[in-house]
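Data first, discussion second: the structure below is written as C-alpha cells.
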There are 2 protein chains.
Amino acid sequence: MADIAAITRVRDTGRLPGAGAAPQYAQGMSQQESLSRARQPRHSRGTAPTLHDVAREAGVSLATASRVLNGSERKVAESFRERVEQAAAELGYTANASAQATARGSSPVIALLVADIADPYFGLIAAGVARGADEQGLVVTIAITERDPAREARIVRALRGQRPQGLILAASRTDEPTDSDTARELAEYARFGGRVVTFGAGSAENRHVEIDNRAGAAALGRQMASLGYRSAIAIGAAEGVLTSDERLAGFRAGFESGGGSVDRVLRGDFRRESGARAMSDALAQGVEPGTLVFGMSDVVAIGAMAAIRDAGREIGTDIAVCGFDDVPSSSDVSPALTTVRVPLTEVGYQAFRATVDADWTQAPLPLEVTVRASTPGLTR
Amino acid sequence: MADIAAITRVRDTGRLPGAGAAPQYAQGMSQQESLSRARQPRHSRGTAPTLHDVAREAGVSLATASRVLNGSERKVAESFRERVEQAAAELGYTANASAQATARGSSPVIALLVADIADPYFGLIAAGVARGADEQGLVVTIAITERDPAREARIVRALRGQRPQGLILAASRTDEPTDSDTARELAEYARFGGRVVTFGAGSAENRHVEIDNRAGAAALGRQMASLGYRSAIAIGAAEGVLTSDERLAGFRAGFESGGGSVDRVLRGDFRRESGARAMSDALAQGVEPGTLVFGMSDVVAIGAMAAIRDAGREIGTDIAVCGFDDVPSSSDVSPALTTVRVPLTEVGYQAFRATVDADWTQAPLPLEVTVRASTPGLTR
DNA sequence: ATGAAAGCGCTAACAT
DNA sequence: ATGTTAGCGCTTTCAT
C-alpha cells in the first residue's frame, strides 16, 4: 500500500511541461526507492524539499539535479536544466547547507567572536567582517564573550564544531592569550587547518591584524604636549591587555617627549562605566585645571566626560579629554572628542581577508590624530 | 600495504589505560574498515578527528562513542565512558556540527538579519538575541542587509539553507514586507516549519515583537507640548516604514493634543547622515527659535543636532531636539538628548524567545519618556 | 549495555 | 551528457 501511495503521489505532481517525453527513469523508479520515500513523506509541513524531491519532480537523476542547482562545472543539457530549475522553483527548494557541508567536507562559515556587539568598536569591526564575508558568499556566525574568559573558551569550542573557514577573535582580555583555555581551543582548531585571526601583535602562529596603537598614541601624546598640556591622567584597561598597554606606552612616550608627564594611570576595562568610575575616583582625589585625561578608548573617554560633567567641572579648558578609536559618537559629544582615528570597519575587513586569502599581507591601516574641541590649545 | 600501514597506525596510538583488556572489537577491525581508513588518512593536518577516530582509539563502537559524547539519554558503563572521554580529549575531538545537523535533521542556529550592525539600534538588539541564543546553546548567524531589498532577499534565501531554528528580521524597509522577494522567501521558509520573527505590527502569520511606537511617541508629544513647544519639525524615514509612520502618527497626536502642531515632515532613512541632511535643508529654509525637532530615531536626532550646531545655531532654547530609542550616546551628547527609552536589548531577547518558545507571548516592553537638556522648558 | 547498520541530504568519482 | 553509487560524519533504530 505504501508503494501505491508513493507512486500515486509522484504521478500527481508530475505535471512537467512535456511530461510525456520524460525519460524512463522517472517512471521506472525502483521499488526500493518508492519505499524509502513512503517512509518519510515529503512536504508534510516541517520538512523542506530535498534535492531528491526536485530530481523526482523533474524526472532526472540526483546527480543531474545537483549539477544544475549547486554550482558544478559540468554541463547539463538545456532542456534538463530548465526542468530542474522549474521543479526547484515550484517546490521552493533550497540546498540544505549542513548536508552540503558534510558532503563537501567544508563549510562556508567564518566565526566571529567579540566581547560585546553593542559596543561601537566591535560593531564597526563586525560590519567590516560581514562585508568581506558577503563578498565571498560566506556566512558569519557571531558570538559574544561578554569579556568572560570561561565563556570565551566555551564559545571557541562550540564554534570549532562548525569547522569554520576561519575564526576571528576580537574579544580576548589579553588580545593574544597564550596559556588560557581559549588558547588551547584555538590551538586545536588551528592544528586541524583552521585559521585564527586576532588583533594586536600576535604569535608567529596566527595571523593578526595590527593596529599601530603605539605610534598612534605617541602621535597623540606629542600633539597634546604641543597644545600645551603638561600633566595627564590615563584611563585604560587592566595591565596585560595589549591594546591598553600599547596605547599607554605610546602616549607616554609621545607626551613625555613633548615635556608632559603621565601622572596617574587608572585601570578598569574598556567600557563606558569603567571610564566614568575611574574619572570619578580621580576627581575625588582632586584634578588640577589644565589637566589632560587620556581615555584609552573613546568609549572610556566618553564615560570620563560624563563623570567630569557630573562633578560640575567643565570639559575643555578646565579638564581636557582625549580618546582613541574615533567611534562615531566621538564627533557627536560636545565638546567633540579629540581622538585617534582607527579605520575600524577596514580593520574588520582586513581580518576577514586574513582568514581567507592564501597569501595575505596586511594592508596599511593609517591612524590619524583628530583634534577637536575637547582639547583646546592651552594659552598661558 | 595500505592495510598494514593503517593497522600499524591503530596499534601505535593504542595506548589505552589497560589496553590489554580492550574488547575484541578494537583489534578485530574488519579489513574493509582498515581499507577505508587508509584511503582517507586521519590526522593529517587539515582534518579534524572524527567520532570514528575516537571510537577506534577508545576501542568501542561508533554508537557508544556517540552516546557518551553527544548527549544521549542512554547509559553507558562507567569504564567505557571514561575511555571514550579520554580518547576524545586526547584527540581534541569536537563533533562536526554539520554532520550532526544532517543526521539529526535540525540545526542549532538562529539567523539574525539586521540593516547595519554598526548602528547602535541594531547592535543592542543583536546583543539581546545573542544572549538568548547562548542561554539555549544556539549559535547565531548574522547577516547585514545594508537596507537593500534585493540583498535582503538574497540573504534570506541563503539563510534558509541553514535550516535555522528561527529567523529574526530587523532590517526590512517596511518592517513587514508583503509582496517583496523577501516576503516570498520568508513565506517559503515558514511553509516548512521555520519561524520568522519581525518587529512591529505584523501579519497574523508571523510572530512579531511590538514596540508601542505610537503610544511612546504620543507620550513624548504630550510632554513636549506641556514644556511649551508649539511648532515641530519631524524627521523620519520614508513613508511606509512602519516604525517611522507609527512614531510620526503618535507624536502628532500627542503634540497636537497639547496644542502643538507638526509643521514640517522631512524624510530620508534612519541614518545619522540622513538626519543631518534633512536638518540642513530645514535650516536653509529657516527655522524659528523655539522650534522643536523630532528625530524619529536618536541616530537621526543626533545627526540633526550636528547640523544645527554646524549652522551656528544653539541646541536647546534656540532649537530644541528630541529623539526616540535612547541609544547609549543619547546621554553622552550635550546637551543630552530627550528621548523615549526603548529597552532594545530586551527587545532582541524577546525576539529570540519568540523564535524558540512554543507558546510565546510578548512580555511587556515599557517605554519611557526621558526628558533631558535638549528640550528645556520654554518660559515665555 | 553494546554494536551493526541504515539512514540524513548532499557531492563527486566512476560508469555508461 | 547522464546516471549509479559510494561516500561525508553523525544519529538512531534494531538486534544481540
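Residues are named by chain letter and number: chains run A, B, ... in the order of the C-alpha cells, numbers start at 1 in each chain, and ligands are numbered from 1 in the order shown.
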At a cut-off of 12 Å, which residues of chain D touch chain B? Count only C-alpha atoms (C1' of nucleotides) and give the answer as a PDB file with N, CA, C and O atoms (P, O5', C5', C4', C3', O3' and C1' of nucleotides), in the first residue's frame.
```
ATOM      1  P    DA D   6      28.005   1.172  -4.052  1.00  0.00           P
ATOM      2  O5'  DA D   6      29.323   1.696  -3.326  1.00  0.00           O
ATOM      3  C5'  DA D   6      30.443   2.115  -4.110  1.00  0.00           C
ATOM      4  C4'  DA D   6      31.050   3.362  -3.498  1.00  0.00           C
ATOM      5  C3'  DA D   6      31.193   3.297  -1.968  1.00  0.00           C
ATOM      6  O3'  DA D   6      32.420   3.908  -1.629  1.00  0.00           O
ATOM      7  C1'  DA D   6      29.943   5.178  -2.547  1.00  0.00           C
ATOM      8  P    DG D   7      32.987   3.734  -0.195  1.00  0.00           P
ATOM      9  O5'  DG D   7      31.781   4.273   0.718  1.00  0.00           O
ATOM     10  C5'  DG D   7      32.033   5.179   1.767  1.00  0.00           C
ATOM     11  C4'  DG D   7      32.489   6.522   1.242  1.00  0.00           C
ATOM     12  C3'  DG D   7      32.421   7.582   2.325  1.00  0.00           C
ATOM     13  O3'  DG D   7      33.679   8.198   2.477  1.00  0.00           O
ATOM     14  C1'  DG D   7      30.989   8.165   0.486  1.00  0.00           C
ATOM     15  P    DC D   8      34.239   8.592   3.800  1.00  0.00           P
ATOM     16  O5'  DC D   8      33.546   9.991   4.065  1.00  0.00           O
ATOM     17  C5'  DC D   8      33.964  11.171   3.398  1.00  0.00           C
ATOM     18  C4'  DC D   8      33.125  12.302   3.935  1.00  0.00           C
ATOM     19  C3'  DC D   8      32.885  12.212   5.428  1.00  0.00           C
ATOM     20  O3'  DC D   8      33.846  13.034   6.087  1.00  0.00           O
ATOM     21  C1'  DC D   8      30.862  12.761   4.212  1.00  0.00           C
ATOM     22  P    DG D   9      34.702  12.481   7.290  1.00  0.00           P
ATOM     23  O5'  DG D   9      33.717  12.724   8.523  1.00  0.00           O
ATOM     24  C5'  DG D   9      33.291  14.036   8.832  1.00  0.00           C
ATOM     25  C4'  DG D   9      32.101  13.945   9.743  1.00  0.00           C
ATOM     26  C3'  DG D   9      32.327  13.093  11.002  1.00  0.00           C
ATOM     27  O3'  DG D   9      31.891  13.833  12.115  1.00  0.00           O
ATOM     28  C1'  DG D   9      30.405  12.379   9.875  1.00  0.00           C
ATOM     29  P    DC D  10      31.926  13.298  13.589  1.00  0.00           P
ATOM     30  O5'  DC D  10      30.405  12.907  13.828  1.00  0.00           O
ATOM     31  C5'  DC D  10      29.433  13.953  13.823  1.00  0.00           C
ATOM     32  C4'  DC D  10      28.059  13.375  13.640  1.00  0.00           C
ATOM     33  C3'  DC D  10      27.559  12.514  14.788  1.00  0.00           C
ATOM     34  O3'  DC D  10      26.682  13.312  15.581  1.00  0.00           O
ATOM     35  C1'  DC D  10      26.961  11.642  12.642  1.00  0.00           C
ATOM     36  P    DT D  11      26.049  12.686  16.911  1.00  0.00           P
ATOM     37  O5'  DT D  11      24.742  11.968  16.346  1.00  0.00           O
ATOM     38  C5'  DT D  11      23.729  12.780  15.772  1.00  0.00           C
ATOM     39  C4'  DT D  11      22.547  11.923  15.395  1.00  0.00           C
ATOM     40  C3'  DT D  11      21.838  11.233  16.546  1.00  0.00           C
ATOM     41  O3'  DT D  11      20.456  11.338  16.248  1.00  0.00           O
ATOM     42  C1'  DT D  11      22.456   9.622  14.948  1.00  0.00           C
ATOM     43  P    DT D  12      19.352  11.154  17.394  1.00  0.00           P
ATOM     44  O5'  DT D  12      18.706   9.757  17.008  1.00  0.00           O
ATOM     45  C5'  DT D  12      18.371   9.525  15.651  1.00  0.00           C
ATOM     46  C4'  DT D  12      18.037   8.066  15.453  1.00  0.00           C
ATOM     47  C3'  DT D  12      17.492   7.362  16.695  1.00  0.00           C
ATOM     48  O3'  DT D  12      16.476   6.491  16.264  1.00  0.00           O
ATOM     49  C1'  DT D  12      19.312   6.174  15.868  1.00  0.00           C
ATOM     50  P    DT D  13      15.172   6.298  17.114  1.00  0.00           P
ATOM     51  O5'  DT D  13      15.337   4.805  17.622  1.00  0.00           O
ATOM     52  C5'  DT D  13      14.411   3.859  17.212  1.00  0.00           C
ATOM     53  C4'  DT D  13      14.745   3.272  15.843  1.00  0.00           C
ATOM     54  C3'  DT D  13      14.439   1.781  15.836  1.00  0.00           C
ATOM     55  O3'  DT D  13      13.585   1.452  14.751  1.00  0.00           O
ATOM     56  C1'  DT D  13      16.719   2.196  15.223  1.00  0.00           C
TER      57       DT D  13
END
```
Name all residues at most 9 Å from A:Leu124 (count only C-alpha atoms (C1' of nucleotides); drop same-chain ones fewer than 6 positions away) and give them as a compact mmCIF listing (two decimals) with all heavy atoms, in the first residue's frame.
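What ended up in around38.txt:
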```txt
# COMPACT_ATOMS: atom_id res chain seq x y z
N VAL A 327 35.21 56.42 17.30
CA VAL A 327 33.90 55.81 17.03
C VAL A 327 32.95 56.97 16.70
O VAL A 327 33.22 58.11 17.05
CB VAL A 327 33.38 54.99 18.22
CG1 VAL A 327 34.33 53.83 18.51
CG2 VAL A 327 33.18 55.85 19.45
N PRO A 343 40.53 53.09 11.43
CA PRO A 343 39.54 52.67 10.43
C PRO A 343 38.98 51.30 10.79
O PRO A 343 39.34 50.30 10.18
CB PRO A 343 40.36 52.63 9.14
CG PRO A 343 41.75 52.33 9.58
CD PRO A 343 41.91 52.93 10.94
N LEU A 344 38.09 51.29 11.75
CA LEU A 344 37.67 50.00 12.33
C LEU A 344 36.96 49.07 11.36
O LEU A 344 37.15 47.85 11.42
CB LEU A 344 36.80 50.25 13.56
CG LEU A 344 37.60 50.79 14.75
CD1 LEU A 344 36.67 51.25 15.86
CD2 LEU A 344 38.56 49.73 15.28
N THR A 345 36.15 49.63 10.49
CA THR A 345 35.48 48.76 9.54
C THR A 345 36.51 48.10 8.63
O THR A 345 36.44 46.90 8.34
CB THR A 345 34.45 49.55 8.71
OG1 THR A 345 33.51 50.13 9.61
CG2 THR A 345 33.72 48.65 7.74
N GLU A 346 37.48 48.89 8.24
CA GLU A 346 38.56 48.36 7.43
C GLU A 346 39.35 47.30 8.21
O GLU A 346 39.78 46.29 7.65
CB GLU A 346 39.48 49.50 6.99
CG GLU A 346 40.72 49.07 6.22
CD GLU A 346 40.40 48.43 4.87
OE1 GLU A 346 39.27 48.61 4.37
OE2 GLU A 346 41.28 47.74 4.33
N VAL A 347 39.52 47.54 9.48
CA VAL A 347 40.21 46.57 10.33
C VAL A 347 39.46 45.23 10.28
O VAL A 347 40.05 44.16 10.09
CB VAL A 347 40.30 47.07 11.79
CG1 VAL A 347 40.67 45.94 12.73
CG2 VAL A 347 41.32 48.20 11.89
N GLY A 348 38.14 45.30 10.40
CA GLY A 348 37.33 44.09 10.34
C GLY A 348 37.46 43.42 8.99
O GLY A 348 37.59 42.20 8.87
N ILE B 117 24.90 46.46 11.39
CA ILE B 117 25.31 46.03 12.72
C ILE B 117 26.08 47.11 13.48
O ILE B 117 26.19 47.07 14.70
CB ILE B 117 26.11 44.72 12.66
CG1 ILE B 117 26.34 44.12 14.05
CG2 ILE B 117 27.44 44.92 11.97
CD1 ILE B 117 25.07 43.76 14.77
N ALA B 118 26.59 48.09 12.77
CA ALA B 118 27.34 49.15 13.45
C ALA B 118 26.40 50.22 14.02
O ALA B 118 26.82 51.07 14.78
CB ALA B 118 28.34 49.79 12.50
N ASP B 119 25.16 50.15 13.65
CA ASP B 119 24.17 51.08 14.20
C ASP B 119 23.78 50.57 15.59
O ASP B 119 23.40 49.42 15.76
CB ASP B 119 22.96 51.09 13.27
CG ASP B 119 21.87 52.06 13.73
OD1 ASP B 119 21.60 52.13 14.94
OD2 ASP B 119 21.30 52.73 12.86
```
Test item: residues at most 9 Å from C:DG3, only C-alpha atoms (C1' of nucleotides), excluding those fewer than 3 positions along its chain, as a PDB file with N, CA, C and O atoms (P, O5', C5', C4', C3', O3' and C1' of nucleotides), in the first residue's frame:
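Wrote out.pdb, looks like this:
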```
ATOM      1  N   VAL B  60      35.784   1.208  21.211  1.00  0.00           N
ATOM      2  CA  VAL B  60      34.343   0.982  21.332  1.00  0.00           C
ATOM      3  C   VAL B  60      33.694   1.224  19.983  1.00  0.00           C
ATOM      4  O   VAL B  60      34.352   1.638  19.030  1.00  0.00           O
ATOM      5  N   SER B  61      32.426   0.993  19.916  1.00  0.00           N
ATOM      6  CA  SER B  61      31.728   1.202  18.651  1.00  0.00           C
ATOM      7  C   SER B  61      31.380   2.672  18.489  1.00  0.00           C
ATOM      8  O   SER B  61      31.347   3.447  19.447  1.00  0.00           O
ATOM      9  N   LEU B  62      31.112   3.000  17.254  1.00  0.00           N
ATOM     10  CA  LEU B  62      30.653   4.342  16.936  1.00  0.00           C
ATOM     11  C   LEU B  62      29.470   4.736  17.819  1.00  0.00           C
ATOM     12  O   LEU B  62      29.420   5.833  18.370  1.00  0.00           O
ATOM     13  N   ALA B  63      28.546   3.823  17.924  1.00  0.00           N
ATOM     14  CA  ALA B  63      27.326   4.104  18.675  1.00  0.00           C
ATOM     15  C   ALA B  63      27.641   4.480  20.114  1.00  0.00           C
ATOM     16  O   ALA B  63      27.121   5.465  20.643  1.00  0.00           O
ATOM     17  N   THR B  64      28.495   3.715  20.719  1.00  0.00           N
ATOM     18  CA  THR B  64      28.842   4.003  22.112  1.00  0.00           C
ATOM     19  C   THR B  64      29.520   5.360  22.234  1.00  0.00           C
ATOM     20  O   THR B  64      29.171   6.172  23.088  1.00  0.00           O
TER      21      THR B  64
ATOM     22  P    DA D  15      14.557  -5.935  14.487  1.00  0.00           P
ATOM     23  O5'  DA D  15      15.512  -7.069  15.035  1.00  0.00           O
ATOM     24  C5'  DA D  15      16.463  -6.783  15.986  1.00  0.00           C
ATOM     25  C4'  DA D  15      17.832  -7.282  15.552  1.00  0.00           C
ATOM     26  C3'  DA D  15      18.240  -8.565  16.251  1.00  0.00           C
ATOM     27  O3'  DA D  15      19.227  -9.261  15.519  1.00  0.00           O
ATOM     28  C1'  DA D  15      19.394  -6.697  17.177  1.00  0.00           C
ATOM     29  P    DT D  16      19.611 -10.737  16.028  1.00  0.00           P
ATOM     30  O5'  DT D  16      20.530 -10.509  17.294  1.00  0.00           O
ATOM     31  C5'  DT D  16      21.928 -10.303  17.097  1.00  0.00           C
ATOM     32  C4'  DT D  16      22.562 -10.047  18.445  1.00  0.00           C
ATOM     33  C3'  DT D  16      22.387 -11.195  19.448  1.00  0.00           C
ATOM     34  O3'  DT D  16      23.666 -11.734  19.762  1.00  0.00           O
ATOM     35  C1'  DT D  16      22.039  -9.086  20.452  1.00  0.00           C
TER      36       DT D  16
END
```
- In Å to one decimal, how far is atom CA of A:Ala170 from atom CA of A:Leu242? 12.1 Å
- Using only C-alpha atoms (C1' of nucleotides), find which residues of chain C lie within 8 Å of chain A and jot them down as a list in words. DC8, DG9, DC10 and DT11 of chain C
- Message: With 8 Å as the limit and counting only C-alpha atoms, what residues in chain A lie close to chain B? Please list them as a ChimeraX atom specification.
- Response: /A:43-48,92,94-99,101-102,107,116-120,123-124,126-127,130-131,139-144,157,160-163,188,191-194,302,306,329,332-335
Taking C-alpha atoms for each residue, export the selection above as a PDB file, in the first residue's frame.
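Writing done, so here's result07.pdb:
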```pdb
ATOM      1  CA  HIS A  43       6.205  18.112   2.040  1.00  0.00           C
ATOM      2  CA  SER A  44       4.428  17.490   5.225  1.00  0.00           C
ATOM      3  CA  ARG A  45       4.807  20.853   6.849  1.00  0.00           C
ATOM      4  CA  GLY A  46       8.030  20.854   8.755  1.00  0.00           C
ATOM      5  CA  THR A  47      10.287  19.344   6.169  1.00  0.00           C
ATOM      6  CA  ALA A  48      11.825  21.279   3.389  1.00  0.00           C
ATOM      7  CA  GLY A  92      10.771  26.194  -3.133  1.00  0.00           C
ATOM      8  CA  THR A  94      16.999  25.474  -1.151  1.00  0.00           C
ATOM      9  CA  ALA A  95      20.009  23.266  -0.648  1.00  0.00           C
ATOM     10  CA  ASN A  96      20.488  22.056   2.880  1.00  0.00           C
ATOM     11  CA  ALA A  97      23.681  23.793   3.895  1.00  0.00           C
ATOM     12  CA  SER A  98      24.564  21.251   6.557  1.00  0.00           C
ATOM     13  CA  ALA A  99      24.298  18.358   4.175  1.00  0.00           C
ATOM     14  CA  ALA A 101      28.937  20.954   4.201  1.00  0.00           C
ATOM     15  CA  THR A 102      29.257  17.373   5.335  1.00  0.00           C
ATOM     16  CA  SER A 107      31.551  24.696   5.458  1.00  0.00           C
ATOM     17  CA  ASP A 116      30.192  42.973  23.146  1.00  0.00           C
ATOM     18  CA  ILE A 117      28.391  43.536  19.911  1.00  0.00           C
ATOM     19  CA  ALA A 118      26.596  46.610  21.247  1.00  0.00           C
ATOM     20  CA  ASP A 119      29.918  48.368  21.716  1.00  0.00           C
ATOM     21  CA  PRO A 120      30.575  50.503  18.638  1.00  0.00           C
ATOM     22  CA  GLY A 123      30.117  46.760  15.917  1.00  0.00           C
ATOM     23  CA  LEU A 124      32.297  48.521  13.389  1.00  0.00           C
ATOM     24  CA  ALA A 126      31.807  43.232  12.761  1.00  0.00           C
ATOM     25  CA  ALA A 127      30.464  45.334   9.925  1.00  0.00           C
ATOM     26  CA  ALA A 130      30.338  40.941   7.423  1.00  0.00           C
ATOM     27  CA  ARG A 131      31.064  42.906   4.296  1.00  0.00           C
ATOM     28  CA  VAL A 139      28.100  33.268   6.292  1.00  0.00           C
ATOM     29  CA  VAL A 140      29.255  34.770   9.554  1.00  0.00           C
ATOM     30  CA  THR A 141      28.452  33.264  12.850  1.00  0.00           C
ATOM     31  CA  ILE A 142      28.795  35.628  15.742  1.00  0.00           C
ATOM     32  CA  ALA A 143      29.245  35.023  19.407  1.00  0.00           C
ATOM     33  CA  ILE A 144      29.622  37.296  22.380  1.00  0.00           C
ATOM     34  CA  ARG A 157      34.945  25.157  21.462  1.00  0.00           C
ATOM     35  CA  ARG A 160      35.102  24.723  16.379  1.00  0.00           C
ATOM     36  CA  GLY A 161      32.303  22.288  15.761  1.00  0.00           C
ATOM     37  CA  GLN A 162      31.180  24.352  12.844  1.00  0.00           C
ATOM     38  CA  ARG A 163      34.503  23.766  11.111  1.00  0.00           C
ATOM     39  CA  GLU A 188      43.324  22.636  18.496  1.00  0.00           C
ATOM     40  CA  ARG A 191      46.034  22.226  14.405  1.00  0.00           C
ATOM     41  CA  PHE A 192      43.476  20.853  12.021  1.00  0.00           C
ATOM     42  CA  GLY A 193      43.816  23.559   9.481  1.00  0.00           C
ATOM     43  CA  GLY A 194      41.616  26.279  10.922  1.00  0.00           C
ATOM     44  CA  ILE A 302      33.211  59.455  26.886  1.00  0.00           C
ATOM     45  CA  ALA A 306      30.207  62.209  31.771  1.00  0.00           C
ATOM     46  CA  SER A 329      29.755  59.240  18.753  1.00  0.00           C
ATOM     47  CA  ASP A 332      28.683  63.917  18.424  1.00  0.00           C
ATOM     48  CA  VAL A 333      29.510  64.514  22.018  1.00  0.00           C
ATOM     49  CA  SER A 334      30.228  68.067  22.849  1.00  0.00           C
ATOM     50  CA  PRO A 335      32.706  69.299  23.068  1.00  0.00           C
TER      51      PRO A 335
END
```
- Using backbone DSSP assignments, extract all helix (DSSP H, G or I) residues from stretch 184-226 of chain A; output them as a PyMOL selection string. chain A and resi 184-191+213-226
- Query: stretch 248-260 of chain B: which residues within 9 Å, counting only C-alpha atoms (C1' of nucleotides), same-chain residues fewer than 4 positions away excluded, as a ChimeraX atom specification?
  - Reply: /B:213-226,228-232,234-236,243-244,265,294,296
- Tell me, which residues of stretch 57-236 of chain B carry DSSP strand (DSSP E or B), written as an NGL selection string? :B and (109-114 or 139-144 or 166-170 or 195-199 or 207-209 or 231-236)
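Among the candidates B:Val197, B:Leu113, B:Val321, B:Leu337, the residue lying nearest to B:Gln362 is B:Val197 (atoms considered: only C-alpha atoms).
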- Query: Using only C-alpha atoms, which residue out of A:Thr361, A:Gln86, A:Ser274, A:Gln136 lies closest to A:Val209?
  - Reply: A:Thr361
